[in-house]
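Dumped model15.pdb below, it's PDB, C-alpha atoms:
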```pdb
ATOM      1  CA  MET S   1      30.103 -11.148 -18.368
ATOM      2  CA  ILE S   2      27.719  -8.542 -19.664
ATOM      3  CA  PRO S   3      28.988  -6.230 -22.438
ATOM      4  CA  ASP S   4      32.406  -4.876 -21.456
ATOM      5  CA  GLN S   5      32.256  -5.802 -17.765
ATOM      6  CA  LEU S   6      31.660  -8.425 -15.091
ATOM      7  CA  SER S   7      28.002  -9.321 -14.555
ATOM      8  CA  GLU S   8      26.951  -8.293 -11.069
ATOM      9  CA  VAL S   9      23.960 -10.645 -11.259
ATOM     10  CA  GLU S  10      26.068 -13.687 -12.112
ATOM     11  CA  LEU S  11      28.638 -12.786  -9.460
ATOM     12  CA  LEU S  12      25.885 -12.718  -6.828
ATOM     13  CA  LYS S  13      24.836 -16.221  -7.875
ATOM     14  CA  ILE S  14      28.401 -17.466  -7.382
ATOM     15  CA  LEU S  15      28.655 -15.819  -3.956
ATOM     16  CA  ALA S  16      25.352 -17.267  -2.772
ATOM     17  CA  GLU S  17      26.369 -20.749  -3.908
ATOM     18  CA  ALA S  18      29.664 -20.392  -2.008
ATOM     19  CA  GLN S  19      27.732 -19.463   1.118
ATOM     20  CA  TRP S  20      25.309 -22.355   0.671
ATOM     21  CA  GLN S  21      28.227 -24.777   0.310
ATOM     22  CA  TYR S  22      29.743 -23.349   3.490
ATOM     23  CA  ILE S  23      26.449 -23.931   5.301
ATOM     24  CA  SER S  24      26.311 -27.501   4.016
ATOM     25  CA  THR S  25      29.834 -28.137   5.302
ATOM     26  CA  VAL S  26      29.133 -26.735   8.772
ATOM     27  CA  LEU S  27      25.870 -28.693   9.077
ATOM     28  CA  GLU S  28      27.644 -31.802   7.758
ATOM     29  CA  ARG S  29      24.853 -32.686   5.368
ATOM     30  CA  PRO S  30      24.133 -32.235   1.649
ATOM     31  CA  GLN S  31      22.246 -29.109   0.688
ATOM     32  CA  GLN S  32      19.171 -31.112  -0.331
ATOM     33  CA  LYS S  33      19.084 -32.721   3.141
ATOM     34  CA  ILE S  34      18.827 -29.481   5.090
ATOM     35  CA  VAL S  35      15.341 -29.697   6.632
ATOM     36  CA  ASN S  36      13.402 -28.431   9.656
ATOM     37  CA  ASP S  37      12.152 -30.581  12.536
ATOM     38  CA  GLN S  38       9.069 -31.472  10.474
ATOM     39  CA  GLY S  39      11.218 -32.796   7.640
ATOM     40  CA  GLU S  40      10.375 -29.898   5.308
ATOM     41  CA  ARG S  41      13.115 -28.822   2.914
ATOM     42  CA  LEU S  42      14.788 -25.560   3.916
ATOM     43  CA  TYR S  43      16.264 -23.010   1.538
ATOM     44  CA  GLY S  44      18.608 -20.089   2.073
ATOM     45  CA  SER S  45      16.467 -17.010   1.487
ATOM     46  CA  VAL S  46      18.498 -13.806   1.171
ATOM     47  CA  ILE S  47      17.144 -10.917   3.234
ATOM     48  CA  ASN S  48      19.789  -8.333   2.385
ATOM     49  CA  VAL S  49      22.783  -7.738   0.111
ATOM     50  CA  ASP S  50      25.456  -5.051   0.253
ATOM     51  CA  VAL S  51      28.089  -4.918  -2.490
ATOM     52  CA  CYS S  52      30.884  -2.432  -3.005
ATOM     53  CA  PHE S  53      33.114  -2.101  -6.075
ATOM     54  CA  ARG S  54      34.454   1.316  -5.117
ATOM     55  CA  THR S  55      38.124   0.418  -5.528
ATOM     56  CA  LYS S  56      37.795  -1.898  -8.532
ATOM     57  CA  THR S  57      34.670  -1.727 -10.677
ATOM     58  CA  PRO S  58      33.062  -4.492 -12.747
ATOM     59  CA  MET S  59      34.669  -2.802 -15.772
ATOM     60  CA  ASP S  60      38.061  -3.493 -14.200
ATOM     61  CA  LEU S  61      37.103  -7.157 -13.787
ATOM     62  CA  GLY S  62      36.668  -7.920 -17.459
ATOM     63  CA  GLU S  63      37.016 -10.895 -19.740
ATOM     64  CA  GLY S  64      39.865 -13.256 -18.881
ATOM     65  CA  THR S  65      40.178 -12.025 -15.294
ATOM     66  CA  HIS S  66      40.831 -14.690 -12.658
ATOM     67  CA  LEU S  67      38.664 -13.896  -9.637
ATOM     68  CA  HIS S  68      39.800 -14.847  -6.135
ATOM     69  CA  ILE S  69      36.825 -15.091  -3.773
ATOM     70  CA  TYR S  70      37.103 -15.375  -0.001
ATOM     71  CA  ASN S  71      34.027 -16.379   1.990
ATOM     72  CA  ALA S  72      33.435 -16.564   5.733
ATOM     73  CA  ALA S  73      30.106 -16.867   7.520
ATOM     74  CA  GLN S  74      28.609 -17.060  10.979
ATOM     75  CA  PHE S  75      25.235 -18.200  12.284
ATOM     76  CA  TYR S  76      22.856 -16.151  14.404
ATOM     77  CA  SER S  77      19.869 -17.395  16.390
ATOM     78  CA  ARG S  78      20.134 -20.755  14.554
ATOM     79  CA  ARG S  79      17.933 -19.405  11.711
ATOM     80  CA  PHE S  80      20.164 -16.797  10.056
ATOM     81  CA  VAL S  81      23.545 -16.770   8.324
ATOM     82  CA  GLU S  82      25.738 -13.692   7.960
ATOM     83  CA  GLY S  83      28.148 -13.994   5.028
ATOM     84  CA  PHE S  84      31.298 -11.982   4.255
ATOM     85  CA  PHE S  85      32.990 -11.959   0.847
ATOM     86  CA  CYS S  86      36.102 -10.422  -0.658
ATOM     87  CA  VAL S  87      36.529 -10.420  -4.439
ATOM     88  CA  ASN S  88      39.802  -9.569  -6.144
ATOM     89  CA  ASP S  89      41.796 -10.248  -9.285
ATOM     90  CA  ALA S  90      44.795 -11.359  -7.191
ATOM     91  CA  PRO S  91      45.181 -13.446  -4.017
ATOM     92  CA  LEU S  92      44.676 -11.616  -0.736
ATOM     93  CA  PRO S  93      47.104 -11.903   2.173
ATOM     94  CA  PRO S  94      45.793 -14.180   4.955
ATOM     95  CA  VAL S  95      46.109 -11.445   7.577
ATOM     96  CA  THR S  96      43.539  -9.373   5.646
ATOM     97  CA  LEU S  97      41.058 -12.211   5.503
ATOM     98  CA  GLN S  98      41.348 -13.308   9.120
ATOM     99  CA  ALA S  99      40.363  -9.869  10.375
ATOM    100  CA  ILE S 100      36.881  -9.940   8.826
ATOM    101  CA  ARG S 101      34.193 -10.539  11.431
ATOM    102  CA  SER S 102      31.601  -7.901  10.569
ATOM    103  CA  LYS S 103      30.300  -5.717   7.767
ATOM    104  CA  GLU S 104      32.259  -2.844   9.311
ATOM    105  CA  ASP S 105      35.447  -4.843   8.752
ATOM    106  CA  LEU S 106      34.523  -5.297   5.096
ATOM    107  CA  GLU S 107      34.029  -1.567   4.663
ATOM    108  CA  LYS S 108      37.668  -0.969   5.611
ATOM    109  CA  LEU S 109      38.968  -3.122   2.751
ATOM    110  CA  THR S 110      40.567  -1.787  -0.408
ATOM    111  CA  VAL S 111      39.153  -4.589  -2.590
ATOM    112  CA  PRO S 112      35.575  -5.297  -3.769
ATOM    113  CA  TRP S 113      33.426  -6.927  -1.111
ATOM    114  CA  ALA S 114      29.938  -8.256  -0.511
ATOM    115  CA  TYR S 115      27.817  -8.869   2.558
ATOM    116  CA  ILE S 116      24.881 -11.295   2.342
ATOM    117  CA  THR S 117      22.430 -12.213   5.116
ATOM    118  CA  MET S 118      20.342 -15.371   4.674
ATOM    119  CA  ALA S 119      17.429 -16.893   6.563
ATOM    120  CA  PHE S 120      16.466 -20.576   6.490
ATOM    121  CA  VAL S 121      12.921 -20.739   5.091
ATOM    122  CA  ALA S 122      10.289 -23.238   4.008
ATOM    123  CA  ARG S 123       7.527 -22.519   1.526
ATOM    124  CA  GLU S 124       3.969 -22.420   2.906
ATOM    125  CA  GLU S 125       1.443 -23.139   0.145
ATOM    126  CA  SER S 126       3.112 -20.843  -2.397
ATOM    127  CA  ASN S 127       6.031 -18.477  -3.001
ATOM    128  CA  GLN S 128       3.951 -15.739  -1.374
ATOM    129  CA  ARG S 129       4.261 -17.348   2.062
ATOM    130  CA  LEU S 130       7.716 -18.220   3.399
ATOM    131  CA  LYS S 131       8.461 -18.981   7.054
ATOM    132  CA  THR S 132      11.815 -19.116   8.860
ATOM    133  CA  PHE S 133      12.971 -22.257  10.661
ATOM    134  CA  ALA S 134      16.130 -23.576  12.290
ATOM    135  CA  PRO S 135      17.620 -26.585  10.512
ATOM    136  CA  ALA S 136      16.959 -29.846  12.342
ATOM    137  CA  GLY S 137      19.871 -30.795  14.551
ATOM    138  CA  ALA S 138      21.604 -27.463  13.972
ATOM    139  CA  GLU S 139      23.952 -27.301  16.942
ATOM    140  CA  TYR S 140      26.710 -25.061  15.663
ATOM    141  CA  GLY S 141      30.078 -24.849  17.334
ATOM    142  CA  LYS S 142      30.963 -21.539  18.961
ATOM    143  CA  GLU S 143      33.485 -20.825  16.229
ATOM    144  CA  PHE S 144      30.580 -20.635  13.735
ATOM    145  CA  THR S 145      28.155 -18.486  15.744
ATOM    146  CA  THR S 146      27.661 -14.914  16.906
ATOM    147  CA  ASP S 147      25.508 -13.446  19.673
ATOM    148  CA  VAL S 148      25.579 -10.005  18.078
ATOM    149  CA  VAL S 149      22.549  -9.183  15.930
ATOM    150  CA  PRO S 150      23.906  -8.983  12.340
ATOM    151  CA  SER S 151      23.746  -5.547  10.768
ATOM    152  CA  GLY S 152      21.852  -7.121   7.871
ATOM    153  CA  ILE S 153      18.992  -8.005  10.216
ATOM    154  CA  ARG S 154      19.055  -4.646  12.002
ATOM    155  CA  ASP S 155      19.080  -2.705   8.737
ATOM    156  CA  HIS S 156      16.386  -4.942   7.240
ATOM    157  CA  GLU S 157      14.052  -4.202  10.147
ATOM    158  CA  MET S 158      14.789  -0.471   9.914
ATOM    159  CA  VAL S 159      14.122  -0.298   6.164
ATOM    160  CA  GLU S 160      10.937  -2.346   6.540
ATOM    161  CA  ARG S 161       9.745  -0.010   9.297
ATOM    162  CA  THR S 162      10.713   3.339   7.755
ATOM    163  CA  GLY S 163      11.104   2.694   4.033
ATOM    164  CA  ALA S 164      14.336   4.736   4.122
ATOM    165  CA  VAL S 165      17.259   3.296   2.179
ATOM    166  CA  THR S 166      20.237   5.392   1.165
ATOM    167  CA  LEU S 167      23.938   5.516   0.279
ATOM    168  CA  PRO S 168      26.624   8.100   1.078
ATOM    169  CA  GLY S 169      26.632  10.824  -1.573
ATOM    170  CA  LEU S 170      22.973  10.491  -2.486
ATOM    171  CA  GLU S 171      22.178  13.605  -0.461
ATOM    172  CA  LEU S 172      24.410  15.653  -2.805
ATOM    173  CA  ALA S 173      22.750  14.490  -6.021
ATOM    174  CA  LEU S 174      20.034  16.301  -7.981
ATOM    175  CA  PRO S 175      16.705  14.538  -8.639
ATOM    176  CA  VAL S 176      16.185  13.425 -12.226
ATOM    177  CA  GLU S 177      12.872  14.798 -13.453
ATOM    178  CA  ASN S 178      10.448  12.075 -14.466
ATOM    179  CA  PRO S 179       7.622  13.353 -16.664
ATOM    180  CA  GLY S 180       7.208   9.875 -18.147
ATOM    181  CA  ARG S 181       5.783   6.707 -16.663
ATOM    182  CA  ASP S 182       5.815   6.418 -12.877
ATOM    183  CA  GLU S 183       6.507   2.695 -13.052
ATOM    184  CA  VAL S 184       7.188  -0.140 -15.447
ATOM    185  CA  THR S 185       6.071  -3.764 -15.357
ATOM    186  CA  TYR S 186       8.325  -6.810 -15.579
ATOM    187  CA  ASP S 187       6.769 -10.198 -16.337
ATOM    188  CA  ILE S 188       8.533 -13.004 -14.481
ATOM    189  CA  VAL S 189      10.278 -15.433 -16.855
ATOM    190  CA  PRO S 190      10.410 -18.901 -15.226
ATOM    191  CA  GLU S 191      13.276 -20.132 -17.408
ATOM    192  CA  SER S 192      15.646 -17.394 -16.211
ATOM    193  CA  ASP S 193      14.165 -15.837 -13.067
ATOM    194  CA  LEU S 194      13.357 -18.875 -10.900
ATOM    195  CA  ASN S 195      15.877 -20.999  -9.043
ATOM    196  CA  GLY S 196      15.853 -24.757  -8.514
ATOM    197  CA  ALA S 197      13.383 -24.378  -5.648
ATOM    198  CA  GLY S 198      10.924 -22.543  -7.892
ATOM    199  CA  LEU S 199      11.461 -19.251  -6.041
ATOM    200  CA  LEU S 200      12.201 -15.928  -7.713
ATOM    201  CA  TYR S 201      15.986 -15.938  -7.272
ATOM    202  CA  PHE S 202      17.479 -13.129  -5.201
ATOM    203  CA  ALA S 203      20.041 -12.185  -7.871
ATOM    204  CA  ARG S 204      17.259 -11.729 -10.410
ATOM    205  CA  TYR S 205      15.775  -8.924  -8.305
ATOM    206  CA  VAL S 206      18.923  -7.000  -9.245
ATOM    207  CA  ALA S 207      18.427  -7.904 -12.908
ATOM    208  CA  ILE S 208      14.816  -6.684 -12.708
ATOM    209  CA  ALA S 209      15.977  -3.408 -11.130
ATOM    210  CA  ASN S 210      18.569  -3.004 -13.910
ATOM    211  CA  TYR S 211      15.788  -3.490 -16.465
ATOM    212  CA  GLY S 212      13.748  -0.747 -14.810
ATOM    213  CA  GLU S 213      16.732   1.615 -14.622
ATOM    214  CA  ARG S 214      17.464   1.183 -18.324
ATOM    215  CA  LEU S 215      13.870   1.924 -19.335
ATOM    216  CA  PHE S 216      13.781   4.916 -16.997
ATOM    217  CA  LEU S 217      16.870   6.476 -18.562
ATOM    218  CA  ARG S 218      15.735   5.754 -22.101
ATOM    219  CA  GLN S 219      12.051   6.626 -21.824
ATOM    220  CA  GLY S 220      11.027   7.978 -18.422
ATOM    221  CA  SER S 221      13.582  10.654 -17.637
ATOM    222  CA  ARG S 222      13.157  14.203 -18.961
ATOM    223  CA  VAL S 223      16.738  13.847 -20.228
ATOM    224  CA  GLN S 224      16.803  10.684 -22.296
ATOM    225  CA  ILE S 225      20.080   8.788 -22.476
ATOM    226  CA  THR S 226      21.153   6.626 -25.371
ATOM    227  CA  THR S 227      21.690   2.887 -25.120
ATOM    228  CA  ARG S 228      25.397   3.183 -25.904
ATOM    229  CA  LEU S 229      25.887   5.360 -22.811
ATOM    230  CA  ILE S 230      23.646   3.251 -20.590
ATOM    231  CA  ARG S 231      25.774   0.171 -21.260
ATOM    232  CA  LEU S 232      28.767   2.081 -19.850
ATOM    233  CA  LEU S 233      27.131   2.439 -16.429
ATOM    234  CA  THR S 234      28.913   0.285 -13.851
ATOM    235  CA  THR S 235      27.836  -0.480 -10.294
ATOM    236  CA  ILE S 236      29.921   1.085  -7.530
ATOM    237  CA  LYS S 237      27.695   0.295  -4.550
ATOM    238  CA  ARG S 238      24.374  -1.441  -4.104
ATOM    239  CA  ARG S 239      22.138  -2.235  -1.139
ATOM    240  CA  VAL S 240      19.162  -4.577  -1.484
ATOM    241  CA  PHE S 241      16.560  -5.461   1.126
ATOM    242  CA  TYR S 242      14.201  -8.361   0.397
ATOM    243  CA  PHE S 243      10.709  -8.624   1.871
ATOM    244  CA  ALA S 244       8.662 -11.027  -0.280
ATOM    245  CA  ASN S 245       8.799 -13.492  -3.160
ATOM    246  CA  ALA S 246       6.362 -14.054  -6.037
ATOM    247  CA  ASN S 247       4.743 -16.845  -8.019
ATOM    248  CA  GLU S 248       5.927 -17.478 -11.551
ATOM    249  CA  SER S 249       2.585 -16.315 -12.986
ATOM    250  CA  ASP S 250       2.957 -12.887 -11.359
ATOM    251  CA  SER S 251       4.603  -9.679 -12.577
ATOM    252  CA  VAL S 252       6.749  -7.109 -10.805
ATOM    253  CA  LYS S 253       5.991  -3.395 -10.686
ATOM    254  CA  ILE S 254       9.186  -1.325 -10.741
ATOM    255  CA  ARG S 255       9.162   2.230  -9.393
ATOM    256  CA  ILE S 256      12.364   4.281  -9.658
ATOM    257  CA  ASN S 257      13.581   7.618  -8.366
ATOM    258  CA  ALA S 258      16.875   8.640  -9.959
ATOM    259  CA  PHE S 259      19.482  11.219  -8.964
ATOM    260  CA  VAL S 260      22.580  12.530 -10.729
ATOM    261  CA  LEU S 261      25.740  14.472  -9.918
ATOM    262  CA  ARG S 262      29.277  14.982 -11.083
ATOM    263  CA  PRO S 263      31.671  12.664  -9.211
ATOM    264  CA  GLN S 264      33.149  14.414  -6.191
ATOM    265  CA  GLU S 265      36.395  12.459  -6.288
ATOM    266  CA  ARG S 266      38.517  13.397  -9.264
ATOM    267  CA  ALA S 267      40.271  10.081  -8.742
ATOM    268  CA  ALA S 268      37.430   8.968 -10.997
ATOM    269  CA  VAL S 269      39.688  10.106 -13.819
ATOM    270  CA  SER S 270      42.107   7.291 -14.629
ATOM    271  CA  ALA S 271      44.843   6.974 -17.206
ATOM    272  CA  THR S 272      42.425   5.336 -19.651
ATOM    273  CA  SER S 273      38.920   6.568 -18.771
ATOM    274  CA  VAL S 274      36.817   9.411 -17.407
ATOM    275  CA  THR S 275      33.713   9.344 -15.224
ATOM    276  CA  PRO S 276      31.672  12.443 -16.042
ATOM    277  CA  LEU S 277      28.466  11.414 -14.235
ATOM    278  CA  THR S 278      27.332   9.414 -11.221
ATOM    279  CA  PHE S 279      23.753   8.162 -10.913
ATOM    280  CA  TYR S 280      21.846   6.960  -7.872
ATOM    281  CA  PHE S 281      18.740   4.820  -8.260
ATOM    282  CA  VAL S 282      16.264   4.262  -5.427
ATOM    283  CA  THR S 283      14.106   1.378  -6.601
ATOM    284  CA  GLU S 284      10.989  -0.288  -5.246
ATOM    285  CA  LEU S 285       9.742  -3.681  -6.461
ATOM    286  CA  ARG S 286       6.150  -4.763  -5.767
ATOM    287  CA  ARG S 287       4.060  -7.778  -6.728
ATOM    288  CA  GLU S 288       1.502  -6.787  -9.315
ATOM    289  CA  SER S 289      -1.055  -9.298  -8.008
ATOM    290  CA  ASP S 290      -1.509  -7.716  -4.574
ATOM    291  CA  GLY S 291       0.857  -4.746  -4.334
ATOM    292  CA  THR S 292       3.071  -6.391  -1.700
ATOM    293  CA  LEU S 293       6.491  -4.811  -1.317
ATOM    294  CA  MET S 294       9.076  -7.330  -2.545
ATOM    295  CA  ALA S 295      12.316  -5.366  -2.267
ATOM    296  CA  GLN S 296      13.892  -1.959  -1.925
ATOM    297  CA  LEU S 297      17.217  -1.139  -3.538
ATOM    298  CA  VAL S 298      19.580   1.792  -3.649
ATOM    299  CA  THR S 299      22.373   1.757  -6.220
ATOM    300  CA  GLN S 300      25.261   4.004  -7.179
ATOM    301  CA  LYS S 301      26.411   3.643 -10.793
ATOM    302  CA  ASP S 302      29.193   5.567 -12.491
ATOM    303  CA  LEU S 303      29.201   6.427 -16.171
ATOM    304  CA  THR S 304      32.744   5.437 -17.184
ATOM    305  CA  ILE S 305      33.964   6.211 -20.704
ATOM    306  CA  SER S 306      37.241   5.333 -22.389
ATOM    307  CA  LYS S 307      39.274   8.459 -23.143
ATOM    308  CA  GLY S 308      39.571   7.266 -26.724
ATOM    309  CA  ILE S 309      35.818   7.580 -27.398
ATOM    310  CA  LYS S 310      35.555  11.355 -27.795
ATOM    311  CA  SER S 311      32.014  11.256 -29.198
ATOM    312  CA  LEU S 312      30.638   9.629 -26.034
ATOM    313  CA  ILE S 313      32.528  12.034 -23.782
ATOM    314  CA  LEU S 314      30.975  14.955 -25.670
ATOM    315  CA  GLU S 315      27.553  13.307 -25.486
ATOM    316  CA  ALA S 316      27.923  12.898 -21.711
ATOM    317  CA  GLY S 317      28.860  16.577 -21.455
ATOM    318  CA  ARG S 318      25.704  17.606 -23.294
ATOM    319  CA  ILE S 319      23.629  15.403 -20.991
ATOM    320  CA  ALA S 320      25.220  17.006 -17.918
ATOM    321  CA  GLN S 321      24.182  20.417 -19.249
ATOM    322  CA  GLN S 322      20.620  19.173 -19.804
ATOM    323  CA  PHE S 323      20.548  17.960 -16.194
ATOM    324  CA  ARG S 324      21.655  21.524 -15.253
ATOM    325  CA  LEU S 325      24.637  20.232 -13.337
ATOM    326  CA  PRO S 326      27.305  22.752 -12.316
ATOM    327  CA  PRO S 327      30.433  22.877 -14.497
ATOM    328  CA  GLU S 328      33.313  20.581 -13.655
ATOM    329  CA  GLU S 329      35.877  22.082 -11.334
TER     330      GLU S 329
END
```
Go ahead and render the structure in this file as structure tokens.
Amino acid sequence: MIPDQLSEVELLKILAEAQWQYISTVLERPQQKIVNDQGERLYGSVINVDVCFRTKTPMDLGEGTHLHIYNAAQFYSRRFVEGFFCVNDAPLPPVTLQAIRSKEDLEKLTVPWAYITMAFVAREESNQRLKTFAPAGAEYGKEFTTDVVPSGIRDHEMVERTGAVTLPGLELALPVENPGRDEVTYDIVPESDLNGAGLLYFARYVAIANYGERLFLRQGSRVQITTRLIRLLTTIKRRVFYFANANESDSVKIRINAFVLRPQERAAVSATSVTPLTFYFVTELRRESDGTLMAQLVTQKDLTISKGIKSLILEAGRIAQQFRLPPEE
């Protein structure tokens, strides 16, 4: 948990561990024994993440909720793993789960889902140099493989080539003016940011982006937003593309472009809450030491307020006016 809602960062850790256990089972060897032909330890390095909470947000998955997680995966070109996840607060019917064979299948679901693409990598000299390998003896059965290039790989190559990363609805949003700092710096904290392999953990990239978003809204935006409203932002969709890691002595430069609009779907109004604003954040993470692009993210977050907290609803209305958004229909 984070205050009042499920932690997206911690959920990603659980999903990645489920995928790594699946890999271990298919390869029929313990995780620590997954090596390349040279005997070097291999790790599952995430190259892209897509998550969608459109139908049930992290605020709906609060304290005491029992999560049911379904995971399936398939291998591509012996070096990559494409993972599919469904997350719900109730069991899913088997017919729903058996139909998932692609990211497109996930997008048709009416429950939260995640899509994670991994590559098997070994460290070369430092965290700044990682190289992909096939696990030694990795002869997967046909039921575990695909000949179709995963969308995670295709999209990763496109984003790396063009730098364009987007989400539906972003084109309708207004840019948030940023007369403040162009970027903020995050110092890597080994005790919380590194995983057991000593790499900057993929889920912590999301935490670092969240840190940058919070500072942007509090200090960088022309319209500053209070902490009590910021904590009511909840992720609806997120896409992350990973390009590089970093050493523990390094820092991360965070550059953010933010956009805002009133939600188009009035279904955002529930029996207990209202969603007066939707934000989009397009975030770039770079190593401070050499300027290398580490990741690009695009995130949709809704500001969701309980109908009983009238003061915050009024505050959100004043902020919408400061952003010069059109009146609600």
Given the PyMOL selection byres ((chain S and resi 312-318) around 12), the residues it picks as a ChimeraX atom specification: /S:223-233,262,273-278,302-311,319-328
Among listed residues S:Thr272, S:Ser249, S:Asn210, S:Gln98, nearest Tyr70 (chain S) (using only C-alpha atoms):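 Nearest to Tyr70 (chain S): S:Gln98.
CA of Asp37 (chain S) is positioned 8.1 Å from CA of Ala134 (chain S).
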Here's the selection I'm unsure about, the PyMOL selection byres ((chain S and resi 81-92) around 9); applied to the file above, which residues does it give, as a PDB file with C-alpha atoms, keeping the file's coordinate frame?
```pdb
ATOM      1  CA  LEU S  15      28.655 -15.819  -3.956  1.00  0.00           C
ATOM      2  CA  ALA S  16      25.352 -17.267  -2.772  1.00  0.00           C
ATOM      3  CA  GLN S  19      27.732 -19.463   1.118  1.00  0.00           C
ATOM      4  CA  ILE S  23      26.449 -23.931   5.301  1.00  0.00           C
ATOM      5  CA  GLY S  44      18.608 -20.089   2.073  1.00  0.00           C
ATOM      6  CA  LYS S  56      37.795  -1.898  -8.532  1.00  0.00           C
ATOM      7  CA  LEU S  61      37.103  -7.157 -13.787  1.00  0.00           C
ATOM      8  CA  THR S  65      40.178 -12.025 -15.294  1.00  0.00           C
ATOM      9  CA  HIS S  66      40.831 -14.690 -12.658  1.00  0.00           C
ATOM     10  CA  LEU S  67      38.664 -13.896  -9.637  1.00  0.00           C
ATOM     11  CA  HIS S  68      39.800 -14.847  -6.135  1.00  0.00           C
ATOM     12  CA  ILE S  69      36.825 -15.091  -3.773  1.00  0.00           C
ATOM     13  CA  TYR S  70      37.103 -15.375  -0.001  1.00  0.00           C
ATOM     14  CA  ASN S  71      34.027 -16.379   1.990  1.00  0.00           C
ATOM     15  CA  ALA S  72      33.435 -16.564   5.733  1.00  0.00           C
ATOM     16  CA  ALA S  73      30.106 -16.867   7.520  1.00  0.00           C
ATOM     17  CA  GLN S  74      28.609 -17.060  10.979  1.00  0.00           C
ATOM     18  CA  PHE S  75      25.235 -18.200  12.284  1.00  0.00           C
ATOM     19  CA  TYR S  76      22.856 -16.151  14.404  1.00  0.00           C
ATOM     20  CA  SER S  77      19.869 -17.395  16.390  1.00  0.00           C
ATOM     21  CA  ARG S  78      20.134 -20.755  14.554  1.00  0.00           C
ATOM     22  CA  ARG S  79      17.933 -19.405  11.711  1.00  0.00           C
ATOM     23  CA  PHE S  80      20.164 -16.797  10.056  1.00  0.00           C
ATOM     24  CA  PRO S  93      47.104 -11.903   2.173  1.00  0.00           C
ATOM     25  CA  PRO S  94      45.793 -14.180   4.955  1.00  0.00           C
ATOM     26  CA  VAL S  95      46.109 -11.445   7.577  1.00  0.00           C
ATOM     27  CA  THR S  96      43.539  -9.373   5.646  1.00  0.00           C
ATOM     28  CA  LEU S  97      41.058 -12.211   5.503  1.00  0.00           C
ATOM     29  CA  ILE S 100      36.881  -9.940   8.826  1.00  0.00           C
ATOM     30  CA  ARG S 101      34.193 -10.539  11.431  1.00  0.00           C
ATOM     31  CA  SER S 102      31.601  -7.901  10.569  1.00  0.00           C
ATOM     32  CA  LYS S 103      30.300  -5.717   7.767  1.00  0.00           C
ATOM     33  CA  LEU S 106      34.523  -5.297   5.096  1.00  0.00           C
ATOM     34  CA  LEU S 109      38.968  -3.122   2.751  1.00  0.00           C
ATOM     35  CA  VAL S 111      39.153  -4.589  -2.590  1.00  0.00           C
ATOM     36  CA  PRO S 112      35.575  -5.297  -3.769  1.00  0.00           C
ATOM     37  CA  TRP S 113      33.426  -6.927  -1.111  1.00  0.00           C
ATOM     38  CA  ALA S 114      29.938  -8.256  -0.511  1.00  0.00           C
ATOM     39  CA  TYR S 115      27.817  -8.869   2.558  1.00  0.00           C
ATOM     40  CA  ILE S 116      24.881 -11.295   2.342  1.00  0.00           C
ATOM     41  CA  THR S 117      22.430 -12.213   5.116  1.00  0.00           C
ATOM     42  CA  MET S 118      20.342 -15.371   4.674  1.00  0.00           C
ATOM     43  CA  ALA S 119      17.429 -16.893   6.563  1.00  0.00           C
ATOM     44  CA  PHE S 120      16.466 -20.576   6.490  1.00  0.00           C
ATOM     45  CA  THR S 145      28.155 -18.486  15.744  1.00  0.00           C
ATOM     46  CA  PRO S 150      23.906  -8.983  12.340  1.00  0.00           C
ATOM     47  CA  SER S 151      23.746  -5.547  10.768  1.00  0.00           C
ATOM     48  CA  GLY S 152      21.852  -7.121   7.871  1.00  0.00           C
TER      49      GLY S 152
END
```
Resolved residues for the PyMOL selection byres ((chain S and resi 280-289) around 6) as a list in words: Ser251, Val252, Lys253, Ile254, Arg255, Ile256, Asn257, Ala258, Phe259, Phe279, Asp290, Gly291, Thr292, Leu293, Met294, Ala295, Gln296, Leu297, Val298, Thr299 and Gln300 of chain S
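For the choices S:Leu42, S:Met59, S:Ala136, S:Val121, the atom-to-atom distance to Glu28 (chain S) is smallest for S:Ala136 when using only C-alpha atoms.
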Nearest-residue call for Lys13 (chain S), choices S:Phe133, S:Phe53, S:Tyr201, S:Tyr186, using only C-alpha atoms: S:Tyr201
Option closest in space to Asp187 (chain S), from S:Met158, S:Ala246, S:Ala164, S:Val26 [counting all atoms listed in the file]: S:Ala246
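Note that the spacing between CA of Leu194 (chain S) and CA of Glu248 (chain S) amounts to 7.6 Å.
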Computed interatomic separation between CA of Glu177 (chain S) and CA of Ser221 (chain S) (Å):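 Those two atoms sit 5.9 Å apart.
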Sel. within 10 Å of pt (24.7, -15.5, -7.9), counting only C-alpha atoms, output as a PyMOL selection string: chain S and resi 7-18+201-204
Nearest to Leu167 (chain S), chosen from S:Arg218, S:Thr132, S:Val240, S:Ser24, with only C-alpha atoms counted in the distances: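 Closest residue, counting only C-alpha atoms: S:Val240.
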